Structures are given as structure tokens and as C-alpha cells.
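S.K.: The structure is given below, and queries will be raised subsequently.
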Amino acid sequence: MRAISEKSLASKVQDTFFLLKNTYSLLGLNPAVFQPLIRIIFVSLTMTTIFWGSILFFFLGAKLAPVGSIGILIVIILYFWSFFYFTELKLRLSWLACTTACGTKPSFEQAQRMVDSVGGQIRLIAFIDMFFKYLGSIRDAEQQGIWGAIKKLLIDLMVQGAIEIWDLVNHYLIPAIAVDRLTIKTAVVQIKDLRNHVPSVLMGVFGIDFVGDVIVWLVMPLYLILIGLAVGLIYLLNPSIQVSAMIIIAVLYIGSIFHQILGAAVGTIKVIYFTLFYTLLRHPEQMDSGMKQKTNSFLNFKDSVQYS
């Protein structure tokens, strides 16, 4: 099996939908697995709603501008808080996925003991995530002039590889911490050792990346369609600037909702996929025999096994 990062965009899209279709079927016997996804979506949509609502207030007159400013401040606070909460939810999801694959059906609340024991690791991962988000914003920032272009090229060369490495390592850290309560330092050492003992049939799992450009590829046409509809509506109605702004904000909000839901779904699937991979390699003796067979086929993107 080839690593997804080596595949064409069309293959990545196909593989992403395979994972969307089969992940929750594989673990669907335990409804608690869905709880982290539901909470991530709820928080993401709450931030999105407050953000676009705040932007709208800025266009509704000077008297409402302070309300928009307060909304933006709330979004900023929620944004930084979400790094910690989402990391906790991913760890809960990983623990639930592992224990479910091992034949039990724990509740979402039962993962609290695990969360309490790794609070320091949650905070450390969240801070590292913030740092790499910042690096990504530097990489994506527009630069003016020839020196700006050279600066952007150097930043791209230095930052891109670091971001990709962290994204990969992070998804191995999650199950290592959630399942075995390892520290980040110990988990990184184990990851290096783990790669040397991966069966050749599963080597393609290393380097998997089916999130970034796939989500952009799926969401961009929707944004273009919505913006086209907004422009057409504004052209036909010729409304005031305020009404035009409301139409544009509304379509961008709709697109953002779809973007957030898709991103949350694929992100949680990535956690589950790597958790099953980690469990199969580190704790195969604890896995339910039927689940072990299904997991092997799932990790190799084989649809021959029914996951219901």
C-alpha cells in the first residue's frame, strides 16, 4: 500500500471517503465514540457563529460595533482555550477507540480518569500545537516585493517540513499517551522503535496525510458556488451596502459550517485510524479477535470486510 501522501488528489479523496464510511462502522457498536466528534463540532460551530455574527455587527452601524468587538474578543479566548479542550477530546477519543477495539464498551465519562492522569501532557501538546499553528500562519502570510518573496521561500522551506513532521508525530503521540499514559519524551522514543517493528504490509500507514488538501479540494468549490450565488443576488437586487454585506457574510458562514464539520469528522477519523494502528502493534493480544481481523483490513484500505 502506498502512503496517501504519495497518491494523487483524486486517490486521496477516495481514501478519505473510505475512512469516513468505515471508521464509525468499525467502532459503531459503542455510541460513546461519537461524543468527542459531537463536542468538537459544537465548539467549532459556536466559534464560527460568534465570529461571523461579530463581523456582521460591524456592518450594522457604529452603535453595534462595540458588540462586534466583544464578540471577536470572545472568539479569541475560545480559540486559545479550544487547543486544550480539543487535545483532551482527542485523547478521550483515542482511549475509547482502543478500549472498544479490545472488546469493551466504555462510556465517555469513564475516560476522565485517563484525562486526569495526563493533564500535563495535554497542556504541553496544546502549546506545541499553538506554536505550529503560528508557524503555519507565518508560512501563509503574504509578502511584498522581491525580498518578501525570498523571505517567504525561506520560511516555506524551514516551516513546511517541521509542520508535517509534527502533524505525523502528534497522531502517534495521542494513542501513546491515551492508551499507555506515556510522557511525550518516552512516546517519541517509542515511535522511533515502533517504526522498526512495523509489518511490511502496514508500512504504508506511516506518512499518511489525508486531511489538508483534501478538505480544501472539497470545500473550495462550495465557497465558489456560494460566493457566485451571493454576487448574482447582489447584482439582481442591487441592495444597500449593509444588505450586500449581510448576504456575503451569510454565504461565507454557510461555507464555514460545512468546512468545520468536515474538518472535525476527518480529524477525529485520523485519531481513530492511528489509534487502531497503535493498538494492533502494541497490544494485539488485548484486541477482540474479530476486531483484529477487521482492523487489519481497514488499515490496508480493503473493503472486503463488513464493518457493521
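Scheme for the C-alpha cells: letters A, B, ... for chains in order shown; per-chain residue numbers from 1; ligand numbers from 1 in order shown.
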For region 28-34 of chain A, work out the shell of residues within 6 Å, counting only C-alpha atoms and skipping chain neighbours fewer than 2 positions away, then give it as a ChimeraX atom specification.
M.R.: /A:24-26,36-37,105,107-108
S.K.: Might you pull out every residue within 7 Å of region 255-259 of chain A, with only C-alpha atoms counted and same-chain residues fewer than 6 positions away left off, and present them as a PDB file with C-alpha atoms, in the first residue's frame?
M.R.:
ATOM      1  CA  LEU A  45     -19.628  25.939  15.146  1.00  0.00           C
ATOM      2  CA  VAL A 219     -14.716  22.899   0.358  1.00  0.00           C
ATOM      3  CA  LEU A 222     -18.694  25.091  -2.284  1.00  0.00           C
ATOM      4  CA  TYR A 223     -17.242  28.504  -1.398  1.00  0.00           C
TER       5      TYR A 223
END
S.K.: Using only C-alpha atoms for the distances, tell me which of A:Ala178, A:Leu64, A:Met114, A:Ile76 is nearest to Ile272 (chain A).
M.R.: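 Closest to Ile272 (chain A) of all the choices is A:Ala178.
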S.K.: Go through A:Thr87, A:Ser244, A:Thr295, A:Ser117 one by one, measure the shortest atom-to-atom distance of each to Thr275 (chain A) using only C-alpha atoms, and give the residue with the smallest value.
M.R.: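 That would be A:Thr295, the residue with the smallest distance to Thr275 (chain A).
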S.K.: Let me make sure I understand: among A:Leu226, A:Val271, A:Leu233, A:Leu93, which one has the smallest atom-to-atom distance to Val251 (chain A) if we use only C-alpha atoms?
M.R.: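 Nearest candidate to Val251 (chain A) out of A:Leu226, A:Val271, A:Leu233, A:Leu93: A:Leu226.
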S.K.: Kindly give the distance, in Å, that separates CA of Ala264 (chain A) and CA of Val75 (chain A), rounded to a single decimal.
M.R.: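 Pair CA of Ala264 (chain A) / CA of Val75 (chain A) returns 17.9 Å.
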S.K.: Work out how far apart CA of Gly68 (chain A) and CA of Ile248 (chain A) are and give it in Å to one decimal.
M.R.: 16.8 Å
S.K.: In Å, with one decimal, what is the gap from CA of Trp95 (chain A) to CA of Tyr134 (chain A)?
M.R.: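 Computing the Euclidean distance for CA of Trp95 (chain A) and CA of Tyr134 (chain A) yields 28.5 Å.
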S.K.: Write out as a list in words which residues come within 10 Å of Ser69 (chain A) when counting only C-alpha atoms, dropping same-chain ones fewer than 2 positions away.
M.R.: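 Selected residues are Phe51, Ser54, Ile55, Phe57, Phe58, Leu64, Ala65, Pro66, Val67, Gly71, Ile72, Leu73, Ile74 and Val75 of chain A.
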S.K.: For Gly290 (chain A), which residue out of A:Ala126, A:Ile77, A:Ala101, A:Ile247 is the nearest one, using only C-alpha atoms?
M.R.: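 For Gly290 (chain A), the nearest of the given residues is A:Ala101.
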